[in-house]
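So this one's my_file-v6.cif, mmCIF, C-alpha atoms and all ligand atoms:
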```cif
data_entry
loop_
_atom_site.label_atom_id
_atom_site.label_comp_id
_atom_site.auth_asym_id
_atom_site.auth_seq_id
_atom_site.Cartn_x
_atom_site.Cartn_y
_atom_site.Cartn_z
CA MET A 41 97.59 140.47 102.62
CA LEU A 42 100.16 140.72 105.33
CA ALA A 43 99.00 139.81 108.81
CA ILE A 44 100.76 142.22 111.09
CA PRO A 45 100.51 141.59 114.81
CA LEU A 46 99.24 144.73 116.45
CA SER A 47 100.56 143.94 119.89
CA HIS A 48 104.31 144.10 119.74
CA ALA A 49 105.33 144.11 123.36
CA GLY A 50 105.70 140.96 125.39
CA PRO A 51 107.16 137.57 124.53
CA PRO A 52 108.30 136.55 121.04
CA LEU A 53 105.40 135.79 118.74
CA GLY A 54 104.93 132.41 117.18
CA HIS A 55 105.89 133.51 113.69
CA SER A 56 108.33 135.85 112.06
CA ILE A 57 107.79 138.33 109.25
CA ASN A 58 110.44 138.24 106.59
CA LEU A 59 111.34 141.92 106.18
CA SER A 60 112.90 141.30 102.74
CA SER A 61 109.60 140.09 101.38
CA LEU A 62 107.60 143.20 102.35
CA SER A 63 106.47 145.71 99.80
CA PHE A 64 106.96 149.33 100.83
CA SER A 65 103.31 149.70 101.75
CA ALA A 66 103.31 146.47 103.77
CA ALA A 67 106.37 147.74 105.61
CA GLU A 68 104.55 151.01 106.28
CA GLN A 69 101.75 149.02 107.91
CA LEU A 70 104.26 147.15 110.02
CA ILE A 71 105.91 150.37 111.15
CA GLN A 72 102.51 151.82 111.95
CA SER A 73 101.53 148.74 113.95
CA LEU A 74 104.65 149.21 116.03
CA GLY A 75 103.62 152.79 116.73
CA TRP A 76 106.75 154.14 115.04
CA PRO A 77 106.91 157.33 112.95
CA ARG A 78 106.30 156.91 109.20
CA TYR A 79 109.82 157.88 108.13
CA ARG A 80 111.10 154.71 109.77
CA THR A 81 109.91 152.72 106.75
CA SER A 82 112.44 154.34 104.41
CA GLN A 83 115.05 154.04 107.12
CA LEU A 84 114.33 150.31 107.46
CA PHE A 85 114.48 149.77 103.69
CA ARG A 86 117.77 151.65 103.42
CA TRP A 87 119.26 149.18 105.89
CA LEU A 88 117.94 146.28 103.84
CA TYR A 89 118.77 147.46 100.34
CA ARG A 90 121.46 150.14 100.55
CA LYS A 91 123.49 148.80 103.46
CA ARG A 92 122.52 145.17 102.83
CA VAL A 93 122.42 144.22 106.52
CA ARG A 94 121.54 140.65 107.44
CA THR A 95 120.44 141.26 111.01
CA ILE A 96 118.12 143.72 112.70
CA ASP A 97 120.84 144.31 115.27
CA GLU A 98 122.94 146.08 112.64
CA MET A 99 120.28 148.80 112.22
CA THR A 100 122.16 151.09 114.54
CA ASP A 101 120.08 154.22 114.08
CA PHE A 102 117.17 152.37 115.68
CA SER A 103 117.33 152.38 119.46
CA GLN A 104 118.16 149.13 121.21
CA THR A 105 114.54 148.95 122.38
CA SER A 106 113.20 149.43 118.85
CA ARG A 107 115.52 146.75 117.52
CA SER A 108 114.40 144.26 120.17
CA GLN A 109 110.79 145.12 119.44
CA LEU A 110 111.32 144.43 115.73
CA GLN A 111 113.32 141.26 116.42
CA GLN A 112 110.38 139.80 118.28
CA ILE A 113 108.22 139.81 115.20
CA ALA A 114 110.53 139.95 112.20
CA LYS A 115 113.71 138.67 110.64
CA ILE A 116 115.73 139.21 107.47
CA VAL A 117 115.87 136.26 105.11
CA ARG A 118 118.82 136.30 102.71
CA PHE A 119 120.59 133.53 100.77
CA GLU A 120 122.69 131.58 103.23
CA GLU A 121 124.99 129.89 100.79
CA VAL A 122 126.34 131.35 97.58
CA GLN A 123 129.02 129.58 95.59
CA VAL A 124 131.14 131.65 93.20
CA ILE A 125 132.57 129.94 90.14
CA ARG A 126 135.08 131.87 88.05
CA SER A 127 135.68 131.59 84.35
CA PHE A 128 139.12 132.13 82.83
CA ASP A 129 137.67 135.21 81.05
CA GLY A 130 136.62 137.01 84.26
CA THR A 131 132.97 135.96 84.14
CA ARG A 132 131.67 134.80 87.54
CA LYS A 133 128.77 132.49 88.06
CA PHE A 134 126.96 132.76 91.43
CA VAL A 135 125.04 129.70 92.51
CA ALA A 136 122.67 130.51 95.38
CA ARG A 137 120.90 127.90 97.48
CA LEU A 138 117.31 128.81 98.20
CA GLU A 139 115.45 128.09 101.43
CA ASP A 140 113.80 125.00 99.93
CA GLY A 141 117.12 123.53 98.81
CA LEU A 142 116.77 124.46 95.12
CA SER A 143 119.50 126.54 93.47
CA ILE A 144 119.58 129.42 91.03
CA GLU A 145 122.36 130.96 89.03
CA SER A 146 123.27 134.57 88.31
CA VAL A 147 126.23 135.62 86.18
CA VAL A 148 128.48 138.68 86.37
CA ILE A 149 130.05 139.57 83.04
CA PRO A 150 132.85 142.14 82.84
CA ASP A 151 133.32 143.72 79.44
CA ALA A 152 135.07 146.89 78.31
CA GLY A 153 134.77 148.71 81.62
CA ARG A 154 131.19 147.58 82.16
CA LEU A 155 129.95 145.02 84.64
CA THR A 156 126.68 143.34 83.73
CA LEU A 157 124.71 141.10 86.04
CA CYS A 158 122.48 138.48 84.41
CA LEU A 159 119.59 137.54 86.71
CA SER A 160 117.35 134.49 86.91
CA THR A 161 113.60 134.85 87.41
CA GLN A 162 112.50 131.22 87.73
CA VAL A 163 114.05 127.99 88.97
CA GLY A 164 114.13 126.20 85.64
CA CYS A 165 111.78 127.60 83.03
CA THR A 166 108.14 127.50 81.97
CA LEU A 167 109.18 127.21 78.34
CA ASP A 168 110.76 124.48 76.26
CA CYS A 169 113.11 126.22 73.82
CA ARG A 170 115.03 123.40 72.19
CA PHE A 171 118.44 125.08 72.29
CA CYS A 172 118.42 126.04 75.99
CA LEU A 173 119.86 124.03 78.86
CA THR A 174 117.58 125.64 81.46
CA ALA A 175 114.57 124.36 79.51
CA THR A 176 115.66 120.77 80.10
CA MET A 177 115.00 121.27 83.85
CA GLY A 178 111.35 122.14 83.36
CA LEU A 179 109.84 124.65 85.76
CA LYS A 180 110.70 123.94 89.38
CA ARG A 181 109.10 127.14 90.66
CA ASN A 182 108.88 130.90 90.24
CA LEU A 183 111.32 133.00 92.21
CA HIS A 184 109.89 135.35 94.83
CA ALA A 185 110.61 139.05 94.42
CA HIS A 186 112.94 139.03 97.42
CA GLU A 187 114.95 136.18 95.89
CA ILE A 188 115.42 138.13 92.65
CA VAL A 189 116.52 141.17 94.68
CA ASP A 190 118.82 138.94 96.73
CA GLU A 191 120.60 137.86 93.55
CA VAL A 192 121.69 141.49 93.18
CA LEU A 193 122.46 142.01 96.88
CA SER A 194 124.51 138.81 97.12
CA VAL A 195 126.55 139.75 94.09
CA GLN A 196 127.09 143.28 95.41
CA ASP A 197 128.28 141.76 98.71
CA ARG A 198 130.94 139.85 96.78
CA LEU A 199 132.20 142.38 94.23
CA GLU A 200 135.90 143.22 94.26
CA PRO A 201 136.90 146.57 95.75
CA GLY A 202 136.15 149.36 93.25
CA GLU A 203 133.75 147.23 91.20
CA ARG A 204 130.20 148.46 90.57
CA LEU A 205 127.41 146.89 88.57
CA THR A 206 126.68 149.01 85.50
CA SER A 207 123.73 147.07 84.09
CA LEU A 208 121.31 144.28 84.84
CA VAL A 209 119.79 141.89 82.33
CA LEU A 210 116.91 139.54 83.12
CA MET A 211 118.26 136.88 80.80
CA GLY A 212 119.23 134.12 83.20
CA MET A 213 117.16 131.07 84.10
CA GLY A 214 113.46 131.43 83.40
CA GLU A 215 110.93 133.48 81.50
CA PRO A 216 110.50 136.83 83.30
CA LEU A 217 107.04 137.48 81.84
CA ALA A 218 105.79 134.17 83.22
CA ASN A 219 106.61 135.51 86.69
CA PHE A 220 105.63 139.10 86.10
CA ASP A 221 104.40 140.22 89.52
CA ALA A 222 107.53 139.11 91.32
CA VAL A 223 109.71 140.62 88.60
CA ALA A 224 107.83 143.94 88.82
CA ASP A 225 108.17 144.01 92.64
CA ALA A 226 111.86 143.24 92.42
CA ILE A 227 112.45 145.93 89.79
CA ALA A 228 110.66 148.47 92.00
CA LYS A 229 113.13 147.76 94.81
CA ILE A 230 116.14 147.60 92.52
CA THR A 231 115.37 150.94 90.87
CA ASN A 232 114.14 152.99 93.83
CA SER A 233 116.67 155.76 94.39
CA ASP A 234 115.52 156.81 97.86
CA TRP A 235 115.70 153.56 99.83
CA GLY A 236 116.27 150.94 97.10
CA LEU A 237 119.34 149.80 95.20
CA GLY A 238 119.20 152.90 93.01
CA ILE A 239 120.01 151.16 89.71
CA PRO A 240 118.23 153.20 87.03
CA ALA A 241 115.56 151.42 84.96
CA ARG A 242 117.32 152.48 81.74
CA ARG A 243 120.21 150.24 82.76
CA ILE A 244 117.98 147.19 83.11
CA THR A 245 116.90 144.95 80.22
CA LEU A 246 114.17 142.35 80.47
CA SER A 247 114.42 139.59 77.90
CA THR A 248 111.38 137.56 76.90
CA ALA A 249 110.93 134.59 74.62
CA GLY A 250 107.97 136.55 73.25
CA LEU A 251 104.86 136.53 75.43
CA ALA A 252 103.20 139.01 73.06
CA SER A 253 100.21 139.83 75.26
CA ARG A 254 102.43 140.90 78.15
CA LEU A 255 104.85 143.20 76.34
CA GLN A 256 102.81 146.28 77.26
CA ASP A 257 103.34 145.51 80.95
CA VAL A 258 107.09 145.85 80.50
CA ALA A 259 106.73 149.43 79.25
CA ALA A 260 105.22 150.41 82.60
CA LEU A 261 108.37 149.19 84.39
CA GLY A 262 110.55 151.63 82.46
CA VAL A 263 113.16 148.99 81.69
CA ASN A 264 114.44 148.06 78.22
CA LEU A 265 112.79 145.20 76.37
CA ALA A 266 114.60 142.44 74.48
CA ILE A 267 112.75 139.83 72.48
CA SER A 268 114.29 136.46 71.66
CA LEU A 269 113.15 136.06 68.08
CA ASN A 270 115.50 133.25 67.03
CA ALA A 271 113.60 132.33 63.86
CA THR A 272 112.26 133.98 60.73
CA THR A 273 109.31 131.72 59.87
CA ASN A 274 106.53 130.33 61.99
CA ALA A 275 107.45 126.78 61.02
CA GLN A 276 111.04 127.30 62.15
CA ARG A 277 109.98 128.99 65.39
CA ASP A 278 107.52 126.18 66.11
CA LEU A 279 110.39 123.74 66.03
CA LEU A 280 112.80 125.86 68.06
CA MET A 281 110.44 127.45 70.61
CA PRO A 282 107.32 125.27 70.49
CA THR A 283 105.35 126.41 73.52
CA VAL A 284 105.82 130.14 73.22
CA ASN A 285 105.28 130.12 69.47
CA ARG A 286 102.09 128.12 69.78
CA LEU A 287 100.72 130.67 72.23
CA HIS A 288 102.18 133.74 70.53
CA PRO A 289 102.97 133.05 66.87
CA LEU A 290 105.53 135.12 65.02
CA ASP A 291 103.11 137.52 63.30
CA ARG A 292 101.30 138.30 66.56
CA LEU A 293 104.58 138.79 68.36
CA LEU A 294 105.87 141.22 65.74
CA ALA A 295 102.55 143.08 65.75
CA ALA A 296 102.90 143.50 69.54
CA CYS A 297 106.47 144.77 69.03
CA ARG A 298 105.20 147.33 66.51
CA GLN A 299 102.58 148.53 69.00
CA TYR A 300 105.02 148.67 71.88
CA PRO A 301 105.08 152.18 73.41
CA LEU A 302 108.80 152.80 73.04
CA ALA A 303 110.04 155.80 75.01
CA PRO A 304 111.93 158.45 73.02
CA HIS A 305 115.60 157.54 72.50
CA ARG A 306 114.89 153.91 73.30
CA ARG A 307 114.77 150.96 70.96
CA LEU A 308 113.84 147.33 71.19
CA THR A 309 116.49 144.64 71.15
CA PHE A 310 115.96 141.48 69.15
CA GLU A 311 118.05 138.49 70.13
CA TYR A 312 118.75 135.84 67.57
CA VAL A 313 120.49 132.61 68.52
CA LEU A 314 122.45 131.39 65.52
CA LEU A 315 122.17 127.62 65.14
CA GLY A 316 124.51 126.10 62.54
CA GLY A 317 122.63 124.89 59.45
CA VAL A 318 119.26 125.69 61.03
CA ASN A 319 118.56 129.44 61.05
CA ASP A 320 121.84 130.97 59.93
CA THR A 321 121.48 131.19 56.14
CA GLU A 322 121.49 134.34 54.02
CA GLN A 323 117.79 133.71 53.32
CA ASP A 324 117.15 133.83 57.05
CA ALA A 325 119.04 137.11 57.29
CA THR A 326 117.05 138.57 54.40
CA ARG A 327 113.76 137.44 55.95
CA LEU A 328 114.81 138.94 59.28
CA VAL A 329 115.40 142.31 57.60
CA LYS A 330 111.84 142.20 56.22
CA LEU A 331 110.29 141.13 59.53
CA LEU A 332 111.90 143.99 61.43
CA ASN A 333 111.13 146.62 58.83
CA GLY A 334 109.99 149.85 60.50
CA ILE A 335 110.74 148.75 64.11
CA ARG A 336 113.22 150.95 66.00
CA CYS A 337 115.61 148.26 67.16
CA LYS A 338 119.01 146.73 67.39
CA ILE A 339 119.87 143.07 66.94
CA ASN A 340 122.05 140.87 69.10
CA LEU A 341 123.27 137.75 67.35
CA ILE A 342 124.13 134.98 69.80
CA PRO A 343 126.15 132.13 68.30
CA PHE A 344 124.79 128.97 69.91
CA ASN A 345 126.52 127.96 73.13
CA GLU A 346 126.84 124.21 73.19
CA PHE A 347 126.04 121.95 76.09
CA SER A 348 126.29 118.24 76.26
CA GLY A 349 123.32 116.22 75.06
CA ASN A 350 122.16 118.90 72.61
CA ALA A 351 122.44 118.26 68.89
CA PHE A 352 122.57 121.88 67.70
CA ARG A 353 125.96 123.24 66.74
CA ARG A 354 127.59 126.62 66.76
CA PRO A 355 127.99 128.11 63.26
CA ASP A 356 131.53 128.92 62.19
CA GLU A 357 132.66 132.51 62.49
CA ALA A 358 132.51 133.24 58.76
CA LYS A 359 128.84 132.28 58.73
CA VAL A 360 128.10 134.53 61.70
CA LEU A 361 129.90 137.46 60.09
CA ARG A 362 128.09 136.89 56.80
CA PHE A 363 124.74 136.94 58.62
CA GLN A 364 125.72 140.18 60.32
CA THR A 365 126.82 141.74 57.03
CA VAL A 366 123.48 141.06 55.33
CA LEU A 367 121.67 142.78 58.20
CA ARG A 368 124.12 145.67 58.29
CA GLN A 369 123.83 146.23 54.56
CA ALA A 370 120.10 146.69 55.14
CA GLY A 371 120.92 149.47 57.61
CA LEU A 372 120.28 147.51 60.82
CA ASP A 373 122.40 147.90 63.95
CA VAL A 374 123.75 144.44 64.69
CA PHE A 375 126.06 143.14 67.38
CA ILE A 376 127.52 139.71 67.93
CA ARG A 377 127.20 138.70 71.58
CA LYS A 378 130.50 137.54 72.98
CA SER A 379 129.95 134.17 74.58
CA LYS A 380 131.63 134.77 77.90
CA GLY A 381 131.79 132.24 80.69
CA ARG A 382 131.33 129.18 78.49
CA ASP A 383 133.87 127.17 80.47
CA VAL A 384 131.74 127.51 83.61
CA LEU A 385 128.43 127.01 81.78
CA GLY A 386 127.67 130.64 82.48
CA ALA A 387 126.92 131.82 78.94
CA CYS A 388 123.45 132.38 77.44
CA GLY A 389 121.34 129.25 77.56
CA GLN A 390 123.85 127.32 79.64
CA LEU A 391 122.35 127.90 83.08
CA GLY A 392 120.83 125.04 84.98
CA GLU A 393 121.47 121.46 85.77
CA LEU A 394 122.81 119.12 83.17
CA PRO A 395 120.32 116.33 82.48
CA GLN A 396 122.72 113.66 83.65
CA HIS A 397 125.58 114.37 85.94
CA GLU A 398 128.91 114.58 84.27
CA PRO A 399 132.34 115.95 85.02
CA LEU A 400 132.52 119.65 84.28
CA LEU A 401 135.30 122.11 83.96
CA LEU A 402 134.11 123.97 87.02
CA ILE A 403 136.53 125.64 89.34
CA PRO A 404 134.77 126.54 92.59
CA ALA A 405 136.66 129.61 93.69
CA GLU A 406 134.91 130.54 96.89
CA ALA A 407 132.09 129.30 99.03
CA HIS A 408 130.41 131.73 101.36
CA CYS A 409 128.10 130.95 104.19
N1 LIG B 501 113.34 133.43 78.68
C1 LIG B 501 114.00 134.64 78.33
C2 LIG B 501 115.32 134.87 79.06
C3 LIG B 501 116.24 133.70 79.22
S1 LIG B 501 117.11 133.13 77.79
C4 LIG B 501 114.21 134.70 76.83
O1 LIG B 501 113.93 133.72 76.15
O2 LIG B 501 114.60 135.75 76.33
C5 LIG B 501 118.21 134.44 77.41
C6 LIG B 501 118.73 134.43 75.97
O3 LIG B 501 119.58 133.31 75.76
C7 LIG B 501 117.62 134.31 74.93
O4 LIG B 501 117.83 135.23 73.90
C8 LIG B 501 117.79 132.90 74.40
O5 LIG B 501 117.30 132.80 73.09
C9 LIG B 501 119.28 132.72 74.50
N2 LIG B 501 119.73 131.33 74.55
C10 LIG B 501 119.13 130.30 75.14
N3 LIG B 501 119.87 129.17 74.98
C11 LIG B 501 120.98 129.52 74.29
C12 LIG B 501 122.14 128.82 73.86
N4 LIG B 501 122.32 127.54 74.13
N5 LIG B 501 123.07 129.51 73.17
C13 LIG B 501 122.93 130.82 72.94
N6 LIG B 501 121.88 131.54 73.35
C14 LIG B 501 120.90 130.90 74.02
#
```
Would you write out, as structure tokens, the structure that this file holds?
Amino acid sequence: MLAIPLSHAGPPLGHSINLSSLSFSAAEQLIQSLGWPRYRTSQLFRWLYRKRVRTIDEMTDFSQTSRSQLQQIAKIVRFEEVQVIRSFDGTRKFVARLEDGLSIESVVIPDAGRLTLCLSTQVGCTLDCRFCLTATMGLKRNLHAHEIVDEVLSVQDRLEPGERLTSLVLMGMGEPLANFDAVADAIAKITNSDWGLGIPARRITLSTAGLASRLQDVAALGVNLAISLNATTNAQRDLLMPTVNRLHPLDRLLAACRQYPLAPHRRLTFEYVLLGGVNDTEQDATRLVKLLNGIRCKINLIPFNEFSGNAFRRPDEAKVLRFQTVLRQAGLDVFIRKSKGRDVLGACGQLGELPQHEPLLLIPAEAHC
């Protein structure tokens, strides 16, 4: 519950409300406590999310007196430092420093006229998937809703002229369903078309390692759902994704997918990381066809992106194509994810700190303060 000071005149109060962290209804309470008309809430949020201002002083359709009044009790907290690292293929990795000194990474991926932003939802990750660099960090903490929103705002601040984000994927650092409330709050602000960022929910995809019991919650958000399946037997999934598979074994996960209330014209996405000699055989492909039987879906194959210290290897291209062919012959829609941004450790599963520090092929292009 937000403690809003009711007396707003007089000297600065001892604490400051972070406007970015307020839900719409909390902001309404604040506006009411100031004695301002209700419509000011939308006006305030448009400044925060549509115009992306960093100071109350920039809210020029509020009178000078109103601005001073607000300044006495509130401030806008945004990332102060964002480093942009460019890949030779146009992918850009944004490394933002959080208030507590931790960092998170978001990645912008241009492809065929589209511009996708991959967002993080945790610093590190709750899970321990064996093929993922982020997992080696452990969970440092959940991101707050305003930090997830700030990933989008900070990227929008730094797009090239004429560029516009066409889609968002929650596939960066972390497990979004292990931080559901913050993710839901952030999505509400990102999708709101009156005062929010106005990015439609149908252009947003939330990817989960498979927290079966929480899939239903995603439907309520209106976004697309992707499930990282990555294995075709329980034994294999236990080895590759031990924690999540122990809590939500393969059969239960697939049952939850079958019960998922898919909106008309939507389908689920299954992601499948191809690990050379581990889960990339024709038998795996055949088993995958059987597992997905009757589910309206498409499949994204992700050839493993290597990182140092990890023993898995990327399968050769012929193997990847063969896997795709088996699925296609069974009538499934299958795509092979291009692994963009690998040189800047910006591709799937490459976000986060390396376990031990080593020289990287990173080219810091800009540093903003
Ligand atoms: N926790 C969520 C989102 C983050 S991972 C999830 O598991 O879906 C995003 C995607 O990257 C997942 O499909 C995951 O299986 C995949 N991935 C993780 N590490 C990878 C790697 N090293 N190479 C290729 N894909 C990887």
Which polymer residues have any atom within 10 Å of an atom of Leu62 (chain A), counting all atoms listed in the file, with same-chain residues fewer than 4 positions away left out, as a compact mmCIF listing (two decimals) with C-alpha atoms, in the coordinates of the input?
```txt
# COMPACT_ATOMS: atom_id res chain seq x y z
CA LEU A 42 100.16 140.72 105.33
CA ILE A 57 107.79 138.33 109.25
CA ASN A 58 110.44 138.24 106.59
CA ALA A 66 103.31 146.47 103.77
CA ALA A 67 106.37 147.74 105.61
CA GLU A 68 104.55 151.01 106.28
CA GLN A 69 101.75 149.02 107.91
CA LEU A 70 104.26 147.15 110.02
CA PHE A 85 114.48 149.77 103.69
CA ALA A 185 110.61 139.05 94.42
CA HIS A 186 112.94 139.03 97.42
CA ASP A 225 108.17 144.01 92.64
```
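Counting all atoms listed in the file and comparing A:Val122, A:Val258, A:Leu237, A:Met213, the residue that lies closest to Leu173 (chain A) is A:Met213.
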Which chain A residues have any atom within 6 Å of an atom of ligand LIG 501 (chain B), and for each, what is the nearest pair of atoms with distance in Å to one decimal, counting all atoms listed in the file, rows sorted by chain and number, as JSON lines?
```
{"residue": "A:Phe171", "atom": "CA", "partner": "B:LIG501", "partner_atom": "N4", "distance": 4.9}
{"residue": "A:Cys172", "atom": "CA", "partner": "B:LIG501", "partner_atom": "N3", "distance": 3.6}
{"residue": "A:Met211", "atom": "CA", "partner": "B:LIG501", "partner_atom": "C2", "distance": 4.0}
{"residue": "A:Gly212", "atom": "CA", "partner": "B:LIG501", "partner_atom": "C3", "distance": 5.0}
{"residue": "A:Met213", "atom": "CA", "partner": "B:LIG501", "partner_atom": "C3", "distance": 5.6}
{"residue": "A:Gly214", "atom": "CA", "partner": "B:LIG501", "partner_atom": "N1", "distance": 5.1}
{"residue": "A:Glu215", "atom": "CA", "partner": "B:LIG501", "partner_atom": "N1", "distance": 3.7}
{"residue": "A:Ser247", "atom": "CA", "partner": "B:LIG501", "partner_atom": "O2", "distance": 4.2}
{"residue": "A:Thr248", "atom": "CA", "partner": "B:LIG501", "partner_atom": "O2", "distance": 3.7}
{"residue": "A:Ala249", "atom": "CA", "partner": "B:LIG501", "partner_atom": "O1", "distance": 3.5}
{"residue": "A:Ile267", "atom": "CA", "partner": "B:LIG501", "partner_atom": "O2", "distance": 5.9}
{"residue": "A:Ser268", "atom": "CA", "partner": "B:LIG501", "partner_atom": "O4", "distance": 4.4}
{"residue": "A:Glu311", "atom": "CA", "partner": "B:LIG501", "partner_atom": "O4", "distance": 5.0}
{"residue": "A:Val313", "atom": "CA", "partner": "B:LIG501", "partner_atom": "N6", "distance": 5.1}
{"residue": "A:Ile342", "atom": "CA", "partner": "B:LIG501", "partner_atom": "C13", "distance": 5.3}
{"residue": "A:Pro343", "atom": "CA", "partner": "B:LIG501", "partner_atom": "C13", "distance": 5.8}
{"residue": "A:Phe344", "atom": "CA", "partner": "B:LIG501", "partner_atom": "N5", "distance": 3.7}
{"residue": "A:Asn345", "atom": "CA", "partner": "B:LIG501", "partner_atom": "N5", "distance": 3.8}
{"residue": "A:Glu346", "atom": "CA", "partner": "B:LIG501", "partner_atom": "N4", "distance": 5.7}
{"residue": "A:Cys388", "atom": "CA", "partner": "B:LIG501", "partner_atom": "O3", "distance": 4.3}
{"residue": "A:Gly389", "atom": "CA", "partner": "B:LIG501", "partner_atom": "N3", "distance": 3.0}
{"residue": "A:Gln390", "atom": "CA", "partner": "B:LIG501", "partner_atom": "N4", "distance": 5.7}
```
Report, in Å with one decimal, the straight-line distance from CA of Ala222 (chain A) to CA of Ser60 (chain A).
12.8 Å
Which distance in Å separates CA of Thr245 (chain A) and CA of Leu142 (chain A), to one decimal?
25.3 Å
Between A:Asn219, A:Leu110, A:Asn340, A:Met177, which has the minimum distance to Ser379 (chain A) (counting all atoms listed in the file)?
A:Asn340
Judged by all atoms listed in the file, the minimum distance to Ala152 (chain A) among A:Gly130, A:Glu139, A:Ser108, A:Gln364 is found for A:Gly130
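Separating CA of Lys330 (chain A) from CA of Asn270 (chain A) is a distance of 14.5 Å.
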Using all atoms listed in the file, which residue out of A:Ser65, A:Ser82, A:Gln112, A:Thr176 lies closest to Ser348 (chain A)?
A:Thr176
Leu367 (chain A) environment, 8 Å, all atoms listed in the file, sequence neighbours closer than 3 positions dropped, as a ChimeraX atom specification
/A:325-326,328-329,363-364,370-374
Can you sort out the box for region 356-365 of chain A, edges along x, y and z, all listed atoms in, 6 Å on every side, with centre and edge lengths in Å to one decimal, as AutoDock Vina command-line options?
```
--center_x 128.7 --center_y 135.3 --center_z 59.6 --size_x 19.9 --size_y 24.8 --size_z 17.7
```
Considering only C-alpha atoms, can you say which of A:Asp257, A:Asp320, A:Glu145, A:Glu98 comes closest to Arg86 (chain A)?
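Nearest to Arg86 (chain A): A:Glu98.
Comparing the minimum interatomic distances between Ser73 (chain A) and each of A:Leu159, A:Leu279, A:Leu332, A:Ile113, counting only C-alpha atoms, we find that A:Ile113 sits nearest.
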Would you mind writing region 129-133 of chain A with all heavy atoms, as a PDB file, in the coordinates of the input?
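To be explicit, this is the file written out as rebuild-v9.pdb:
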```
ATOM      1  N   ASP A 129     137.810 133.892  81.684  1.00  0.00           N
ATOM      2  CA  ASP A 129     137.670 135.210  81.050  1.00  0.00           C
ATOM      3  C   ASP A 129     137.128 136.284  81.991  1.00  0.00           C
ATOM      4  O   ASP A 129     136.784 137.382  81.554  1.00  0.00           O
ATOM      5  CB  ASP A 129     136.803 135.105  79.786  1.00  0.00           C
ATOM      6  CG  ASP A 129     135.353 134.696  80.089  1.00  0.00           C
ATOM      7  OD1 ASP A 129     134.927 134.809  81.246  1.00  0.00           O
ATOM      8  OD2 ASP A 129     134.652 134.263  79.157  1.00  0.00           O
ATOM      9  N   GLY A 130     137.048 135.985  83.293  1.00  0.00           N
ATOM     10  CA  GLY A 130     136.620 137.010  84.260  1.00  0.00           C
ATOM     11  C   GLY A 130     135.146 136.910  84.616  1.00  0.00           C
ATOM     12  O   GLY A 130     134.691 137.524  85.590  1.00  0.00           O
ATOM     13  N   THR A 131     134.387 136.154  83.823  1.00  0.00           N
ATOM     14  CA  THR A 131     132.970 135.960  84.140  1.00  0.00           C
ATOM     15  C   THR A 131     132.864 135.173  85.449  1.00  0.00           C
ATOM     16  O   THR A 131     133.681 134.294  85.714  1.00  0.00           O
ATOM     17  CB  THR A 131     132.305 135.161  82.994  1.00  0.00           C
ATOM     18  OG1 THR A 131     132.496 135.901  81.798  1.00  0.00           O
ATOM     19  CG2 THR A 131     130.834 134.944  83.225  1.00  0.00           C
ATOM     20  N   ARG A 132     131.870 135.533  86.276  1.00  0.00           N
ATOM     21  CA  ARG A 132     131.670 134.800  87.540  1.00  0.00           C
ATOM     22  C   ARG A 132     130.242 134.315  87.607  1.00  0.00           C
ATOM     23  O   ARG A 132     129.311 135.087  87.398  1.00  0.00           O
ATOM     24  CB  ARG A 132     131.922 135.749  88.721  1.00  0.00           C
ATOM     25  CG  ARG A 132     133.361 135.887  89.099  1.00  0.00           C
ATOM     26  CD  ARG A 132     133.592 137.160  89.908  1.00  0.00           C
ATOM     27  NE  ARG A 132     133.787 138.310  89.056  1.00  0.00           N
ATOM     28  CZ  ARG A 132     133.815 139.573  89.482  1.00  0.00           C
ATOM     29  NH1 ARG A 132     133.626 139.850  90.755  1.00  0.00           N
ATOM     30  NH2 ARG A 132     134.017 140.573  88.648  1.00  0.00           N
ATOM     31  N   LYS A 133     130.115 133.040  87.896  1.00  0.00           N
ATOM     32  CA  LYS A 133     128.770 132.490  88.060  1.00  0.00           C
ATOM     33  C   LYS A 133     128.502 132.330  89.557  1.00  0.00           C
ATOM     34  O   LYS A 133     129.319 131.772  90.284  1.00  0.00           O
ATOM     35  CB  LYS A 133     128.697 131.139  87.327  1.00  0.00           C
ATOM     36  CG  LYS A 133     127.391 130.427  87.476  1.00  0.00           C
ATOM     37  CD  LYS A 133     127.126 129.529  86.294  1.00  0.00           C
ATOM     38  CE  LYS A 133     127.226 128.064  86.657  1.00  0.00           C
ATOM     39  NZ  LYS A 133     126.650 127.210  85.594  1.00  0.00           N
TER      40      LYS A 133
END
```
